[in-house]
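So this one's model00.txt, compact mmCIF, C-alpha atoms and all ligand atoms:
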```txt
# COMPACT_ATOMS: atom_id res chain seq x y z
CA MET A 120 191.38 -27.20 -77.82
CA LYS A 121 189.48 -24.11 -78.97
CA ALA A 122 190.23 -20.49 -78.05
CA ILE A 123 187.26 -18.82 -76.34
CA SER A 124 186.75 -15.06 -76.45
CA PHE A 125 184.03 -12.68 -75.27
CA GLU A 126 185.56 -9.68 -77.07
CA GLY A 127 182.92 -7.76 -78.95
CA SER A 128 180.14 -10.13 -77.81
CA PRO A 129 177.00 -8.88 -76.03
CA TRP A 130 178.40 -10.54 -72.88
CA GLY A 131 181.45 -8.24 -72.86
CA VAL A 132 181.35 -7.42 -69.14
CA ASP A 133 181.97 -3.73 -68.36
CA ASP A 134 184.83 -4.15 -65.93
CA GLU A 135 188.12 -5.75 -66.95
CA PRO A 136 188.50 -8.19 -63.99
CA GLY A 137 185.02 -9.58 -64.69
CA ARG A 138 185.83 -9.96 -68.38
CA ASN A 139 189.04 -11.80 -67.61
CA ARG A 140 187.31 -14.17 -65.17
CA LEU A 141 184.64 -15.02 -67.72
CA ARG A 142 187.22 -15.82 -70.38
CA GLN A 143 189.49 -17.86 -68.10
CA ARG A 144 186.55 -19.91 -66.83
CA ALA A 145 185.07 -20.54 -70.26
CA GLN A 146 188.49 -21.47 -71.67
CA ASN A 147 189.17 -24.01 -68.92
CA LEU A 148 185.65 -25.42 -68.79
CA PHE A 149 184.89 -25.58 -72.54
CA GLY A 150 187.79 -24.50 -74.75
CA ASN A 151 190.16 -27.05 -73.19
CA ASN A 152 187.45 -29.75 -73.32
CA ALA A 153 186.08 -28.95 -76.77
CA GLY A 154 186.15 -32.62 -77.80
CA LEU A 155 183.45 -33.34 -75.19
CA ILE A 156 181.21 -30.46 -76.29
CA GLU A 157 181.48 -30.34 -80.07
CA GLY A 158 178.18 -31.33 -81.72
CA LYS A 159 176.55 -32.07 -78.33
CA THR A 160 173.14 -31.28 -76.85
CA VAL A 161 173.85 -29.28 -73.71
CA LEU A 162 171.78 -28.45 -70.60
CA ASP A 163 173.04 -25.34 -68.79
CA LEU A 164 171.57 -25.21 -65.26
CA ALA A 165 171.35 -21.79 -63.57
CA CYS A 166 172.33 -20.23 -66.89
CA ASN A 167 171.95 -16.57 -65.80
CA ASN A 168 172.04 -14.42 -68.98
CA GLY A 169 173.48 -17.21 -71.15
CA ARG A 170 177.10 -16.09 -70.78
CA MET A 171 178.51 -19.58 -70.20
CA ALA A 172 176.25 -21.03 -72.91
CA TYR A 173 177.97 -18.57 -75.26
CA GLY A 174 181.30 -20.14 -74.28
CA ALA A 175 179.86 -23.62 -74.93
CA PHE A 176 178.71 -22.51 -78.40
CA GLN A 177 182.23 -21.35 -79.17
CA ALA A 178 183.48 -24.82 -78.20
CA GLY A 179 181.03 -26.25 -80.77
CA ALA A 180 177.84 -27.13 -78.82
CA ALA A 181 175.02 -27.99 -81.25
CA SER A 182 172.29 -26.61 -78.97
CA VAL A 183 171.93 -25.35 -75.41
CA THR A 184 168.88 -25.42 -73.12
CA GLY A 185 169.38 -22.89 -70.34
CA VAL A 186 167.39 -23.11 -67.09
CA GLU A 187 167.18 -20.00 -64.93
CA ILE A 188 164.80 -18.89 -62.19
CA ARG A 189 165.06 -15.10 -62.59
CA ASP A 190 162.96 -13.55 -65.38
CA GLU A 191 165.13 -10.48 -65.87
CA LEU A 192 168.21 -12.62 -66.55
CA ILE A 193 166.38 -14.73 -69.12
CA GLU A 194 165.14 -11.59 -70.84
CA LYS A 195 168.69 -10.26 -71.07
CA GLY A 196 169.90 -13.66 -72.25
CA ARG A 197 167.35 -13.81 -75.07
CA GLU A 198 168.33 -10.31 -76.16
CA ASN A 199 172.04 -11.24 -76.16
CA MET A 200 171.51 -14.52 -78.02
CA GLU A 201 169.61 -12.64 -80.70
CA LYS A 202 172.47 -10.15 -81.11
CA ALA A 203 174.92 -13.07 -81.31
CA GLY A 204 172.80 -14.81 -83.98
CA LEU A 205 172.31 -17.89 -81.77
CA THR A 206 168.56 -17.75 -81.12
CA ASP A 207 167.88 -20.92 -83.16
CA ARG A 208 170.27 -23.00 -81.06
CA MET A 209 169.50 -21.59 -77.60
CA LYS A 210 166.35 -22.26 -75.60
CA PHE A 211 165.74 -20.51 -72.25
CA ILE A 212 163.42 -22.09 -69.68
CA LYS A 213 162.26 -20.25 -66.58
CA SER A 214 162.33 -22.82 -63.80
CA ASP A 215 163.91 -23.98 -60.60
CA ILE A 216 166.74 -26.28 -61.73
CA PHE A 217 165.53 -29.22 -59.62
CA GLU A 218 161.97 -29.00 -60.91
CA TYR A 219 163.30 -28.92 -64.44
CA MET A 220 165.66 -31.86 -63.90
CA ARG A 221 162.84 -33.97 -62.40
CA SER A 222 160.65 -33.24 -65.44
CA ALA A 223 163.30 -34.07 -68.08
CA GLU A 224 163.56 -37.44 -69.86
CA PRO A 225 166.67 -39.60 -69.36
CA GLY A 226 168.95 -39.33 -72.37
CA SER A 227 167.71 -35.87 -73.43
CA PHE A 228 171.14 -34.27 -72.98
CA ASP A 229 174.70 -35.30 -73.83
CA VAL A 230 176.26 -32.76 -71.47
CA ILE A 231 174.99 -31.17 -68.25
CA LEU A 232 176.63 -27.94 -67.05
CA CYS A 233 176.17 -26.76 -63.47
CA LEU A 234 178.37 -23.70 -63.13
CA GLY A 235 178.44 -21.28 -60.24
CA PHE A 236 175.43 -22.90 -58.58
CA LEU A 237 176.26 -25.80 -56.24
CA TYR A 238 177.14 -23.41 -53.39
CA HIS A 239 173.86 -21.48 -53.79
CA THR A 240 171.68 -24.40 -52.63
CA VAL A 241 171.21 -27.02 -49.92
CA ASP A 242 170.07 -29.66 -52.44
CA GLN A 243 173.38 -31.01 -53.73
CA VAL A 244 172.30 -34.66 -53.29
CA GLU A 245 169.24 -34.05 -55.45
CA PHE A 246 171.48 -32.64 -58.17
CA PHE A 247 173.67 -35.76 -58.27
CA ARG A 248 170.66 -38.12 -58.11
CA GLU A 249 168.98 -36.35 -61.02
CA CYS A 250 172.20 -36.39 -63.05
CA ALA A 251 172.39 -40.15 -62.46
CA ARG A 252 168.80 -40.51 -63.69
CA LEU A 253 169.29 -38.30 -66.76
CA ARG A 254 172.59 -40.08 -67.57
CA PRO A 255 174.36 -37.51 -69.76
CA GLU A 256 177.76 -38.76 -71.00
CA THR A 257 179.46 -35.70 -69.44
CA VAL A 258 178.75 -33.50 -66.42
CA ILE A 259 180.78 -30.30 -65.90
CA ILE A 260 180.58 -28.47 -62.60
CA ASP A 261 182.25 -25.33 -61.30
CA THR A 262 181.64 -24.25 -57.72
CA SER A 263 183.03 -22.55 -54.67
CA VAL A 264 184.13 -25.25 -52.21
CA ALA A 265 184.76 -25.69 -48.51
CA LYS A 266 188.36 -26.67 -47.85
CA ASN A 267 189.16 -30.22 -46.74
CA TYR A 268 191.27 -29.13 -43.76
CA PHE A 269 189.38 -30.73 -40.88
CA TRP A 270 191.27 -33.16 -38.65
CA PHE A 271 189.30 -36.27 -37.78
CA GLY A 272 192.17 -38.25 -36.30
CA ARG A 273 194.75 -40.67 -37.65
CA ARG A 274 192.19 -43.21 -38.88
CA MET A 275 190.94 -40.65 -41.42
CA PHE A 276 194.40 -39.35 -42.39
CA GLY A 277 194.69 -39.04 -46.18
CA LYS A 278 190.94 -39.64 -46.57
CA PRO A 279 189.38 -36.18 -46.24
CA PRO A 280 185.72 -36.63 -45.32
CA ALA A 281 182.91 -35.43 -47.57
CA LEU A 282 181.66 -32.25 -45.90
CA PHE A 283 179.45 -29.20 -46.16
CA LEU A 284 180.07 -25.75 -44.76
CA VAL A 285 176.80 -24.01 -43.81
CA SER A 286 176.63 -20.42 -45.01
CA TYR A 287 174.07 -17.68 -45.69
CA GLU A 288 173.60 -15.26 -48.55
CA ASP A 289 171.25 -12.48 -49.56
CA PRO A 290 168.52 -13.83 -51.87
CA SER A 291 167.78 -10.32 -53.16
CA GLU A 292 171.12 -10.38 -55.04
CA THR A 293 170.50 -11.87 -58.49
CA ARG A 294 173.62 -14.05 -58.44
CA ASN A 295 172.55 -15.79 -55.23
CA THR A 296 170.15 -18.46 -54.01
CA PHE A 297 166.45 -17.99 -54.74
CA ASP A 298 165.55 -19.64 -51.41
CA ALA A 299 164.03 -17.00 -49.13
CA ASP A 300 165.95 -17.99 -45.97
CA GLY A 301 169.30 -17.61 -47.75
CA ILE A 302 170.71 -20.85 -46.26
CA VAL A 303 173.29 -22.54 -48.49
CA TYR A 304 175.90 -25.30 -48.17
CA TRP A 305 179.37 -25.14 -49.64
CA PRO A 306 180.44 -28.67 -50.61
CA SER A 307 184.00 -29.91 -50.14
CA THR A 308 185.91 -31.34 -53.09
CA SER A 309 185.81 -34.76 -51.36
CA TYR A 310 182.03 -34.52 -51.32
CA LEU A 311 181.86 -33.71 -55.02
CA GLU A 312 184.24 -36.52 -55.96
CA GLU A 313 182.47 -39.06 -53.76
CA MET A 314 179.05 -38.15 -55.16
CA PHE A 315 180.27 -38.43 -58.74
CA ARG A 316 181.69 -41.89 -58.02
CA ARG A 317 178.58 -43.06 -56.18
CA THR A 318 176.36 -41.99 -59.06
CA GLY A 319 178.41 -43.74 -61.75
CA TYR A 320 180.72 -40.98 -62.98
CA VAL A 321 184.50 -40.66 -63.12
CA PRO A 322 185.49 -37.11 -62.10
CA ARG A 323 188.59 -35.25 -63.25
CA ARG A 324 189.45 -31.99 -61.53
CA ILE A 325 190.25 -29.22 -64.01
CA PRO A 326 193.62 -27.66 -63.16
CA TYR A 327 193.93 -23.89 -62.74
CA ASN A 328 197.65 -23.20 -62.84
CA GLY A 329 200.37 -21.37 -64.77
CA LYS A 330 199.77 -23.61 -67.78
CA THR A 331 196.00 -23.08 -67.99
CA VAL A 332 195.52 -19.50 -66.72
CA ASP A 333 197.33 -16.67 -68.53
CA ASP A 334 196.02 -13.82 -66.31
CA TRP A 335 195.07 -14.25 -62.62
CA ASP A 336 193.06 -11.03 -62.36
CA ALA A 337 189.78 -11.86 -60.51
CA MET A 338 190.80 -15.54 -60.31
CA ASP A 339 192.06 -15.62 -56.73
CA ASP A 340 189.48 -18.16 -55.49
CA TYR A 341 190.65 -20.67 -58.13
CA ARG A 342 194.28 -20.06 -57.21
CA ARG A 343 193.54 -20.55 -53.48
CA GLY A 344 191.64 -23.77 -54.14
CA ILE A 345 188.32 -22.51 -52.76
CA ARG A 346 186.77 -22.74 -56.20
CA ALA A 347 186.92 -26.02 -58.12
CA SER A 348 185.78 -27.37 -61.48
CA TYR A 349 185.28 -30.97 -62.60
CA VAL A 350 184.63 -32.79 -65.84
CA ALA A 351 182.95 -36.09 -65.05
CA ARG A 352 182.39 -38.87 -67.58
CA LEU A 353 179.78 -41.60 -67.34
CA LYS A 354 181.53 -44.85 -66.37
CA ALA A 355 181.57 -47.28 -69.33
C1 LIG A 401 176.48 -17.16 -59.67
S1 LIG A 401 175.23 -17.28 -60.90
C2 LIG A 401 176.00 -18.43 -62.03
C3 LIG A 401 175.74 -18.07 -63.46
C4 LIG A 401 176.45 -18.87 -64.52
N1 LIG A 401 176.03 -20.25 -64.54
C5 LIG A 401 177.95 -18.79 -64.36
O1 LIG A 401 178.57 -19.79 -63.99
O2 LIG A 401 178.51 -17.74 -64.62
C6 LIG A 401 173.97 -18.27 -60.11
C7 LIG A 401 172.67 -18.30 -60.92
O3 LIG A 401 171.79 -19.26 -60.33
C8 LIG A 401 170.46 -18.78 -60.47
N2 LIG A 401 169.63 -19.55 -59.52
C9 LIG A 401 169.64 -19.50 -58.17
N3 LIG A 401 168.81 -20.42 -57.65
C10 LIG A 401 168.24 -21.07 -58.72
C11 LIG A 401 167.31 -22.14 -58.84
N4 LIG A 401 166.81 -22.75 -57.77
N5 LIG A 401 166.98 -22.56 -60.08
C12 LIG A 401 167.48 -21.94 -61.19
N6 LIG A 401 168.38 -20.92 -61.13
C13 LIG A 401 168.76 -20.51 -59.92
C14 LIG A 401 170.61 -17.30 -60.15
O4 LIG A 401 169.50 -16.55 -60.57
C15 LIG A 401 171.92 -16.97 -60.90
O5 LIG A 401 171.67 -16.60 -62.23
```
I need this file expressed as C-alpha cells, please.
Amino acid sequence: MKAISFEGSPWGVDDEPGRNRLRQRAQNLFGNNAGLIEGKTVLDLACNNGRMAYGAFQAGAASVTGVEIRDELIEKGRENMEKAGLTDRMKFIKSDIFEYMRSAEPGSFDVILCLGFLYHTVDQVEFFRECARLRPETVIIDTSVAKNYFWFGRRMFGKPPALFLVSYEDPSETRNTFDADGIVYWPSTSYLEEMFRRTGYVPRRIPYNGKTVDDWDAMDDYRRGIRASYVARLKA
C-alpha cells in the first residue's frame, strides 16, 4: 500500500469536497493496489488533465500514456505534468479512446485504466473487446453504474441480469460524452463483471467502506453503490 496525496500538487482542486474525492479515489484505485502498478507501463483512457495519472505515478507507475479527446484538457495536463517534473514519463495523445485502442499493438501496456468514462459512452462492448485484444495484465475501471434492482421473476433470482440504463448528458460540458447527441448508457455491475469474465479477466470489486474511506465528503455515489470500481486480472 502507498499513501496518495494531491496536497501542493498542480492538481490541488480548489474546493475541498473535490479534493477529498480525488484523494479517496486515487487511494482506493492505486494506493491500495500499488503492487499491480509499480514499475508498470500504464494506459490512462479519458485522462482529462492527467489527475489520475498523477495518482498512478505516486503508486509507482513507470510511464503513463494518457488519451483524451479535448484539447484544452491536454494542454492543462501538459502544463501540470511539467510543474510536477513528470514530463519525461507522461505522454498525452489527443484521440477518441476507441480509435486509439484499435490502433495500439497487443502487449503495449501492462495496465489499462478507464476511470470515470464507461457511463459517458454507448460503446462499452467495444471497450471490453479492445481490452481483450490488447491483453494488459491488469484493467482498472471506475464508473457510475445502474443498480441491479430489476425483478425478472423467480428463475432469475440471485442472478441479476447484465443491463444498461439509457441516459442523456450535455456534450458541451467538458467532463461529459463527446458524442453530439449526448446519448449514454450506464452499465450495471453485473454487466461489467460478465464482460470481464467473457473477455478472459477475473474482476474484483474494490470496496468503499469504513476501512477504505476516511472521509465521505463528495463520496456519496460510492457509498450508495451507484459508483463502482474494479481491478481485473488477466486469467492465467
Ligand atoms: C468524468 S471525466 C473522467 C476523468 C478522469 N479519468 C477521472 O476519472 O477523473 C471524463 C473524460 O472523458 C473525456 N472523453 C469523453 N469522451 C471521450 C472519448 N470518446 N475519447 C476520449 N476522451 C473522452 C472527457 O473529455 C473527460 O475528460
Coordinates-based distance that separates atom CA of Arg138 of chain A from atom CA of Val241 of chain A (Å, one decimal): 29.1 Å
Within-10 Å residues of ligand LIG 401 (chain A), basis only C-alpha atoms and all ligand atoms, as a count of residues only: 55
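Nearest residue to Lys330 of chain A, choosing from A:Asn147, A:Arg208, A:Glu312, A:Tyr349 and counting only C-alpha atoms: A:Asn147.
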Residue neighbourhood Ser182 of chain A, 12 Å, only C-alpha atoms, exclusion window fewer than 4 positions, as a count of residues only: 26
Straight-line distance linking atom CA of Glu135 of chain A with atom CA of Ala337 of chain A, stated in Å to one decimal: 9.0 Å
Please, what is the axis-aligned box for every listed atom of segment 120-123 of chain A with 4 Å on each side, as centre and edge lengths in Å to one decimal, as lines of an AutoDock Vina configuration file?
```
center_x = 189.3
center_y = -23.0
center_z = -77.7
size_x = 12.1
size_y = 16.4
size_z = 10.6
```
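Residues of protein, DNA and RNA with at least one atom no farther than 8 Å from (171.8, -19.0, -42.7) are, using only C-alpha atoms, Val285, Ser286, Tyr287, Glu288, Asp300, Gly301, Ile302 and Val303 of chain A.
Atom CA of Ala122 of chain A is positioned 16.7 Å from atom CA of Gly329 of chain A.
Minimum atom-to-atom distance to Phe247 of chain A, evaluated using all atoms listed in the file, belongs to A:Met314 out of A:Val183, A:Ala281, A:Val332, A:Met314.
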Nearby residues, (192.7, -29.1, -63.5) file frame, 9 Å, only C-alpha atoms, as JSON, numbers by chain: {"A": [147, 323, 324, 325, 326, 327, 328, 331, 347, 348, 349]}
Could you take the residues named above and write them with C-alpha atoms, as a PDB file, keeping the file's coordinate frame?
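To be explicit, this is the file written out as selection-v5.pdb:
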```
ATOM      1  CA  ASN A 147     189.170 -24.010 -68.920  1.00  0.00           C
ATOM      2  CA  ARG A 323     188.590 -35.250 -63.250  1.00  0.00           C
ATOM      3  CA  ARG A 324     189.450 -31.990 -61.530  1.00  0.00           C
ATOM      4  CA  ILE A 325     190.250 -29.220 -64.010  1.00  0.00           C
ATOM      5  CA  PRO A 326     193.620 -27.660 -63.160  1.00  0.00           C
ATOM      6  CA  TYR A 327     193.930 -23.890 -62.740  1.00  0.00           C
ATOM      7  CA  ASN A 328     197.650 -23.200 -62.840  1.00  0.00           C
ATOM      8  CA  THR A 331     196.000 -23.080 -67.990  1.00  0.00           C
ATOM      9  CA  ALA A 347     186.920 -26.020 -58.120  1.00  0.00           C
ATOM     10  CA  SER A 348     185.780 -27.370 -61.480  1.00  0.00           C
ATOM     11  CA  TYR A 349     185.280 -30.970 -62.600  1.00  0.00           C
TER      12      TYR A 349
END
```
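Among the candidate residues A:Met338, A:Val264, A:Ala299, A:Leu353, the one lying nearest to Leu311 of chain A is A:Val264, with distances computed using only C-alpha atoms.
Closest to Asn139 of chain A among A:Ile123, A:Met220, A:Ala355, A:Ala251 is A:Ile123, based on all atoms listed in the file.
Minimum distance to Tyr310 of chain A across A:Thr184, A:Ser128, A:Gln146, A:Asn267 (counting only C-alpha atoms) occurs at A:Asn267.
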